[in-house]
file final-v6.txt (compact mmCIF, C-alpha atoms)
# COMPACT_ATOMS: atom_id res chain seq x y z
CA MET A 1 266.93 193.17 100.51
CA PHE A 2 267.01 195.59 97.58
CA GLN A 3 269.71 195.21 95.00
CA PRO A 4 272.51 197.77 95.46
CA ARG A 5 273.15 200.23 92.67
CA ASN A 6 276.82 199.26 92.56
CA GLU A 7 276.07 195.57 92.08
CA ASP A 8 278.87 193.50 90.55
CA ILE A 9 278.24 192.85 86.85
CA SER A 10 281.32 190.71 86.25
CA SER A 11 279.35 187.43 86.38
CA TRP A 12 276.49 188.55 84.13
CA ALA A 13 277.94 187.42 80.80
CA GLY A 14 278.74 183.94 82.15
CA ARG A 15 275.24 183.34 83.45
CA ILE A 16 273.67 184.58 80.22
CA ASP A 17 276.01 182.40 78.15
CA THR A 18 274.83 179.39 80.18
CA LEU A 19 271.21 180.34 79.56
CA MET A 20 271.82 180.69 75.81
CA SER A 21 273.51 177.30 75.61
CA ARG A 22 270.36 175.67 77.02
CA LYS A 23 268.09 177.33 74.43
CA PRO A 24 269.11 176.36 70.90
CA ASP A 25 266.46 178.66 69.43
CA CYS A 26 267.47 181.63 71.61
CA VAL A 27 267.10 185.10 70.05
CA VAL A 28 270.50 185.96 71.55
CA GLN A 29 273.72 184.33 70.33
CA ARG A 30 276.23 186.58 72.03
CA VAL A 31 276.19 189.11 74.84
CA VAL A 32 278.25 192.19 75.69
CA VAL A 33 278.09 193.60 79.23
CA ILE A 34 279.58 197.05 79.73
CA GLU A 35 279.93 199.30 82.74
CA SER A 36 278.73 202.52 81.14
CA THR A 37 277.59 203.93 77.79
CA ASP A 38 275.69 206.89 76.39
CA THR A 39 272.88 204.65 75.11
CA THR A 40 272.73 200.89 74.65
CA GLN A 41 271.25 201.53 71.18
CA HIS A 42 274.48 203.24 70.08
CA ALA A 43 276.62 200.59 71.77
CA ALA A 44 274.67 197.82 70.03
CA ILE A 45 275.39 199.34 66.63
CA ARG A 46 279.10 199.39 67.45
CA PHE A 47 279.25 195.82 68.75
CA ALA A 48 276.83 194.18 66.31
CA ARG A 49 279.19 194.27 63.33
CA ARG A 50 276.10 194.22 61.09
CA GLN A 51 274.92 190.90 62.53
CA HIS A 52 271.77 190.05 64.47
CA GLY A 53 271.70 187.97 67.65
CA LEU A 54 273.47 190.42 69.97
CA LEU A 55 272.46 191.60 73.45
CA VAL A 56 274.14 194.68 74.95
CA ILE A 57 273.60 195.46 78.63
CA ALA A 58 274.98 198.45 80.49
CA SER A 59 275.21 198.88 84.24
CA LYS A 60 274.82 202.61 83.68
CA GLN A 61 273.33 204.52 80.75
CA ASN A 62 274.17 208.21 80.64
CA ASN A 63 271.89 209.52 77.90
CA GLY A 64 269.02 207.07 77.51
CA ARG A 65 266.39 207.76 74.87
CA GLY A 66 262.71 207.00 74.58
CA SER A 67 260.42 207.33 71.59
CA PHE A 68 260.70 210.45 69.41
CA GLY A 69 263.97 211.48 71.06
CA ARG A 70 262.50 211.91 74.52
CA ARG A 71 264.86 211.42 77.46
CA TRP A 72 264.76 208.16 79.42
CA HIS A 73 265.66 208.94 83.05
CA ASP A 74 268.02 206.17 84.13
CA GLY A 75 269.31 207.49 87.43
CA ASP A 76 272.63 206.09 88.69
CA ARG A 77 272.49 202.34 87.90
CA ALA A 78 268.83 202.43 88.88
CA THR A 79 267.48 200.85 85.69
CA LEU A 80 268.06 197.84 83.49
CA PRO A 81 269.11 199.39 80.15
CA CYS A 82 269.67 196.87 77.34
CA THR A 83 269.38 196.49 73.58
CA PHE A 84 268.65 193.31 71.66
CA VAL A 85 269.69 193.14 68.01
CA ILE A 86 267.07 190.71 66.76
CA ASP A 87 266.40 189.25 63.34
CA PRO A 88 262.63 189.73 62.85
CA CYS A 89 262.68 186.97 60.19
CA CYS A 90 259.30 187.07 58.42
CA ILE A 91 257.44 188.88 61.19
CA ASP A 92 255.93 192.18 60.03
CA ALA A 93 256.67 195.32 62.03
CA THR A 94 253.27 195.47 63.74
CA ALA A 95 253.37 191.87 64.96
CA PHE A 96 257.02 192.18 65.96
CA SER A 97 256.28 195.23 68.14
CA ALA A 98 253.29 193.50 69.74
CA CYS A 99 255.30 190.36 70.56
CA VAL A 100 258.06 192.44 72.15
CA ALA A 101 255.51 194.32 74.28
CA CYS A 102 254.01 191.00 75.47
CA ALA A 103 257.47 189.67 76.37
CA VAL A 104 258.50 192.77 78.33
CA HIS A 105 255.18 192.87 80.16
CA GLU A 106 255.43 189.16 80.98
CA THR A 107 258.92 189.65 82.41
CA ILE A 108 258.00 192.62 84.61
CA ALA A 109 254.75 191.06 85.81
CA SER A 110 256.50 187.82 86.75
CA PHE A 111 258.45 189.63 89.48
CA MET A 112 255.42 191.47 90.88
CA PRO A 113 252.97 190.39 93.58
CA ARG A 114 249.50 189.69 92.21
CA THR A 115 248.15 192.80 93.90
CA VAL A 116 250.15 195.00 91.50
CA ARG A 117 248.34 195.56 88.18
CA VAL A 118 250.86 195.68 85.34
CA ALA A 119 249.52 196.52 81.88
CA ILE A 120 250.61 197.28 78.31
CA LYS A 121 250.04 200.84 77.12
CA TRP A 122 250.18 200.48 73.36
CA PRO A 123 252.51 200.72 71.59
CA ASN A 124 255.65 200.79 73.75
CA ASP A 125 255.07 201.36 77.47
CA ILE A 126 254.58 199.00 80.40
CA VAL A 127 252.64 200.70 83.16
CA VAL A 128 251.39 200.05 86.68
CA LEU A 129 247.70 200.83 87.14
CA GLU A 130 246.71 202.38 90.46
CA ASP A 131 243.13 203.61 90.89
CA ASP A 132 242.86 206.61 88.56
CA ARG A 133 246.46 206.82 87.37
CA GLU A 134 249.05 204.84 85.45
CA ARG A 135 252.78 205.02 86.06
CA LYS A 136 255.43 203.84 83.65
CA ILE A 137 257.80 201.12 84.83
CA GLY A 138 259.27 200.02 81.50
CA GLY A 139 259.56 201.08 77.89
CA VAL A 140 260.55 199.77 74.49
CA LEU A 141 262.28 201.59 71.65
CA ILE A 142 262.43 199.72 68.32
CA GLU A 143 264.65 201.20 65.61
CA LYS A 144 266.04 200.03 62.29
CA VAL A 145 269.62 201.11 61.65
CA ASP A 146 271.91 199.91 58.84
CA GLY A 147 269.70 196.88 58.19
CA LEU A 148 269.60 195.91 61.88
CA THR A 149 266.54 195.80 64.11
CA LEU A 150 267.37 197.28 67.51
CA VAL A 151 265.06 196.57 70.43
CA GLY A 152 265.95 198.90 73.28
CA ILE A 153 264.36 198.06 76.63
CA GLY A 154 264.52 200.05 79.84
CA ILE A 155 263.05 198.90 83.16
CA ASN A 156 262.93 201.03 86.32
CA CYS A 157 264.46 199.07 89.17
CA THR A 158 265.68 201.05 92.18
CA GLN A 159 264.61 204.67 91.76
CA ALA A 160 263.21 206.21 94.93
CA GLU A 161 260.70 209.05 94.79
CA ARG A 162 263.47 211.61 95.30
CA ASP A 163 265.18 210.37 92.12
CA TRP A 164 262.34 211.52 89.85
CA SER A 165 262.12 215.10 88.66
CA PRO A 166 258.82 216.78 89.59
CA GLU A 167 257.44 216.33 86.07
CA PHE A 168 258.03 212.54 86.18
CA ARG A 169 257.18 211.86 89.81
CA SER A 170 253.51 211.20 89.12
CA ARG A 171 254.11 209.37 85.83
CA ALA A 172 256.89 206.89 86.66
CA VAL A 173 257.52 204.15 89.19
CA SER A 174 260.18 201.53 89.93
CA PHE A 175 260.24 198.08 91.52
CA LEU A 176 261.70 199.72 94.63
CA GLY A 177 258.90 202.29 94.63
CA LEU A 178 256.43 199.40 94.75
CA GLY A 179 258.31 197.70 97.58
CA VAL A 180 259.62 194.90 95.34
CA SER A 181 263.21 193.61 95.40
CA VAL A 182 264.57 192.64 91.99
CA SER A 183 267.89 191.61 90.51
CA ARG A 184 268.74 193.22 87.19
CA LEU A 185 270.46 190.01 86.10
CA ASP A 186 267.33 187.99 86.89
CA LEU A 187 265.31 190.52 84.88
CA VAL A 188 267.48 190.32 81.78
CA CYS A 189 267.58 186.50 81.88
CA SER A 190 263.79 186.47 82.06
CA LEU A 191 263.66 188.94 79.15
CA ILE A 192 265.78 186.64 77.00
CA GLU A 193 263.50 183.70 77.67
CA SER A 194 260.28 185.66 77.15
CA LEU A 195 261.46 187.28 73.92
CA THR A 196 262.47 183.88 72.56
CA GLU A 197 259.13 182.35 73.52
CA TRP A 198 257.08 185.17 71.99
CA LEU A 199 259.08 185.87 68.84
CA ARG A 200 259.95 182.39 67.64
CA PRO A 201 256.34 181.26 67.10
CA CYS A 202 254.79 184.79 66.96
CA ASP A 203 251.34 183.28 67.42
CA PRO A 204 248.70 185.92 66.45
CA ASN A 205 246.01 184.34 68.60
CA ALA A 206 248.29 184.28 71.64
CA VAL A 207 249.21 187.95 71.12
CA ARG A 208 245.57 189.03 70.83
CA GLU A 209 244.56 187.01 73.89
CA TYR A 210 247.42 188.44 75.94
CA TYR A 211 246.51 192.01 75.01
CA GLU A 212 242.88 191.34 75.89
CA HIS A 213 243.94 190.53 79.45
CA TYR A 214 246.60 193.19 79.97
CA ASN A 215 245.62 196.18 77.83
CA ALA A 216 245.80 199.52 79.68
CA MET A 217 243.84 201.42 77.03
CA VAL A 218 240.46 199.71 76.67
CA GLY A 219 237.80 201.65 78.55
CA THR A 220 239.92 204.80 78.85
CA GLU A 221 239.90 208.07 76.93
CA ARG A 222 242.83 208.39 74.53
CA VAL A 223 243.97 210.53 71.65
CA PHE A 224 245.16 209.06 68.34
CA ARG A 225 246.40 210.46 65.07
CA TYR A 226 245.55 208.75 61.79
CA ASN A 227 245.77 210.10 58.25
CA ASN A 228 246.58 213.62 59.54
CA THR A 229 243.43 213.65 61.68
CA VAL A 230 243.33 213.59 65.50
CA TYR A 231 240.70 211.36 67.13
CA THR A 232 239.75 211.60 70.81
CA GLY A 233 237.50 209.04 72.44
CA ILE A 234 237.03 206.01 74.65
CA VAL A 235 238.88 202.92 73.43
CA GLU A 236 236.23 200.26 72.90
CA HIS A 237 238.42 197.58 71.36
CA MET A 238 242.05 197.09 70.42
CA ASP A 239 243.46 194.38 68.18
CA PRO A 240 247.25 194.91 68.41
CA LEU A 241 247.66 193.28 65.00
CA GLY A 242 244.72 194.96 63.30
CA SER A 243 242.84 198.04 64.46
CA ILE A 244 241.69 200.31 67.28
CA THR A 245 238.02 201.19 67.74
CA ILE A 246 237.15 204.34 69.69
CA GLU A 247 233.80 205.90 70.61
CA SER A 248 233.46 209.68 70.50
CA ALA A 249 230.15 211.44 71.13
CA GLY A 250 228.21 208.42 69.95
CA ASN A 251 230.32 207.92 66.84
CA TYR A 252 232.61 204.96 66.35
CA HIS A 253 235.93 205.16 64.52
CA THR A 254 238.06 202.16 63.59
CA LEU A 255 241.69 203.06 62.98
CA PRO A 256 244.33 200.75 61.46
CA ILE A 257 247.04 199.92 63.99
CA ALA A 258 249.92 200.09 61.51
CA GLN A 259 249.14 203.67 60.45
CA THR A 260 247.92 205.08 63.77
CA GLN A 261 249.90 206.90 66.46
CA HIS A 262 249.02 207.29 70.12
CA VAL A 263 249.12 210.97 71.05
CA ARG A 264 249.71 212.24 74.53
CA SER A 265 250.46 215.47 76.33
CA PHE A 266 254.18 215.85 76.98
CA ASP A 267 255.67 219.00 78.50
CA GLY A 268 252.59 220.95 77.49
CA GLU A 269 252.66 219.77 73.89
CA LEU A 270 251.12 216.91 71.96
CA ALA A 271 253.61 214.14 71.22
CA SER A 272 253.12 210.83 69.42
CA ASP A 273 254.30 207.45 70.69

call {"tool": "encode", "arguments": {"input": "final-v6.txt", "output": "structure tokens"}}
result
Amino acid sequence: MFQPRNEDISSWAGRIDTLMSRKPDCVVQRVVVIESTDTTQHAAIRFARRQHGLLVIASKQNNGRGSFGRRWHDGDRATLPCTFVIDPCCIDATAFSACVACAVHETIASFMPRTVRVAIKWPNDIVVLEDDRERKIGGVLIEKVDGLTLVGIGINCTQAERDWSPEFRSRAVSFLGLGVSVSRLDLVCSLIESLTEWLRPCDPNAVREYYEHYNAMVGTERVFRYNNTVYTGIVEHMDPLGSITIESAGNYHTLPIAQTQHVRSFDGELASD
């Protein structure tokens, strides 16, 4: 049975507290569960009190944001919107982002049947691959505000096809749309565990190996911007901690990950991820 959109969130904090108590190295030390907010990023800034280790979860997000100010379409309690305020310790920004992507992918994939192909679309999307198209099921927004590192995560849970606007219908999908029942509380508990497991060691070899298995970009034509130049070509290789190699008309270009942006068409314009 699919989870109702009016599911009771009153027990969420207690279950998460129990999970945290069993993981002494947990990336979360305290949790705030709220019924509704404009964005969990804004709520996290308010509740964090300039300290890391916070998780903010909302049952409903009214004005969710994606990268570069784009709108995240939450629906009415149809997504899992949450923000982790995480101390990156000594992890550089590139490795931190890659570890987060691995953790979010791992969480989503763990609830899917093996017939569903879930992949990472660098740098911040989790997509479902279906023949000749990819549809977004989750996204990550990492921001630094007032010395805090905010990791906003949104996962599509119970949207039906009628819930998507025409422009998003072919580009987005939910667990429900794939015929999968999921509990938002189970999802967020899995996220906590995966983020802790990926970020605490931040093993470069593990990150590279994971991307090698679940990378949505290798073998596909993509557009990137580096050093004020736009490159279009087939992605031949991607090291999420190092560089991207693309082939274009017989020429190979290797672009540094940290200074490169993925460019895509959005509402008729080019936009960078």

call {"tool": "closest_residue", "arguments": {"input": "final-v6.txt", "among": "A:Leu150, A:Val188, A:Arg135, A:Leu129", "to": "Arg169 (chain A)", "atoms": "all atoms listed in the file"}}
result
A:Arg135

call {"tool": "closest_residue", "arguments": {"input": "final-v6.txt", "among": "A:Ala58, A:Ala44, A:Val100, A:Leu141", "to": "Glu193 (chain A)", "atoms": "all atoms listed in the file"}}
result
A:Val100

call {"tool": "axis_aligned_box", "arguments": {"input": "final-v6.txt", "around": "region 77-84 of chain A", "padding_each_side": "5 Å", "output": "lines of an AutoDock Vina configuration file"}}
result
center_x = 270.0
center_y = 197.9
center_z = 80.3
size_x = 15.0
size_y = 19.1
size_z = 27.2

call {"tool": "atom_distance", "arguments": {"input": "final-v6.txt", "atom1": "CA of Arg114 (chain A)", "atom2": "CA of His237 (chain A)"}}
result
24.9 Å

call {"tool": "residues_around", "arguments": {"input": "final-v6.txt", "residues": "region 75-91 of chain A", "least_positions_apart": "2", "cutoff": "7 Å", "atoms": "all atoms listed in the file", "output": "MDAnalysis selection string"}}
result
chainID A and resid 5 27 40:41 44 52:61 73 93 95:96 148:159 163 184

call {"tool": "residues_around", "arguments": {"input": "final-v6.txt", "residues": "Ala98 (chain A)", "least_positions_apart": "4", "cutoff": "8 Å", "atoms": "all atoms listed in the file", "output": "number ranges by chain"}}
result
A: 94, 102, 123, 207, 240-241

call {"tool": "atom_distance", "arguments": {"input": "final-v6.txt", "atom1": "CA of Val128 (chain A)", "atom2": "CA of Val263 (chain A)"}}
result
19.2 Å

call {"tool": "closest_residue", "arguments": {"input": "final-v6.txt", "among": "A:Ser170, A:Lys136, A:Val180, A:Ile9", "to": "Thr115 (chain A)", "atoms": "all atoms listed in the file"}}
result
A:Val180

call {"tool": "residues_around", "arguments": {"input": "final-v6.txt", "residues": "Pro256 (chain A)", "least_positions_apart": "6", "cutoff": "9 Å", "atoms": "only C-alpha atoms", "output": "PyMOL selection string"}}
result
chain A and resi 226+241-245

call {"tool": "closest_residue", "arguments": {"input": "final-v6.txt", "among": "A:Ser183, A:His213, A:Glu167, A:Ala172", "to": "Glu130 (chain A)", "atoms": "all atoms listed in the file"}}
result
A:Ala172

call {"tool": "closest_residue", "arguments": {"input": "final-v6.txt", "among": "A:Glu247, A:Leu195, A:Val33, A:Thr232", "to": "Glu106 (chain A)", "atoms": "only C-alpha atoms"}}
result
A:Leu195

call {"tool": "closest_residue", "arguments": {"input": "final-v6.txt", "among": "A:Val223, A:Ile142, A:Val32, A:Met217", "to": "Gln261 (chain A)", "atoms": "all atoms listed in the file"}}
result
A:Val223

call {"tool": "atom_distance", "arguments": {"input": "final-v6.txt", "atom1": "CA of His42 (chain A)", "atom2": "CA of Val145 (chain A)"}}
result
10.0 Å

call {"tool": "residues_near_point", "arguments": {"input": "final-v6.txt", "point": "(233.7, 196.8, 70.7)", "cutoff": "12 Å", "atoms": "only C-alpha atoms", "output": "list in words"}}
result
Glu212, Val218, Gly219, Ile234, Val235, Glu236, His237, Met238, Asp239, Ser243, Ile244, Thr245, Ile246, Glu247, Tyr252, His253 and Thr254 of chain A

call {"tool": "write_last_selection", "arguments": {"input": "final-v6.txt", "atoms": "C-alpha atoms", "output": "tab-separated table (two decimals), in the coordinates of the input"}}
result
chain	number	residue	atom	x	y	z
A	212	GLU	CA	242.88	191.34	75.89
A	218	VAL	CA	240.46	199.71	76.67
A	219	GLY	CA	237.80	201.65	78.55
A	234	ILE	CA	237.03	206.01	74.65
A	235	VAL	CA	238.88	202.92	73.43
A	236	GLU	CA	236.23	200.26	72.90
A	237	HIS	CA	238.42	197.58	71.36
A	238	MET	CA	242.05	197.09	70.42
A	239	ASP	CA	243.46	194.38	68.18
A	243	SER	CA	242.84	198.04	64.46
A	244	ILE	CA	241.69	200.31	67.28
A	245	THR	CA	238.02	201.19	67.74
A	246	ILE	CA	237.15	204.34	69.69
A	247	GLU	CA	233.80	205.90	70.61
A	252	TYR	CA	232.61	204.96	66.35
A	253	HIS	CA	235.93	205.16	64.52
A	254	THR	CA	238.06	202.16	63.59

call {"tool": "residues_around", "arguments": {"input": "final-v6.txt", "residues": "His105 (chain A)", "least_positions_apart": "3", "cutoff": "10 Å", "atoms": "only C-alpha atoms", "output": "JSON, numbers by chain"}}
result
{"A": [99, 100, 101, 102, 108, 109, 110, 118, 119, 120, 121, 125, 126, 127, 137, 138, 139, 191, 194, 210, 214]}
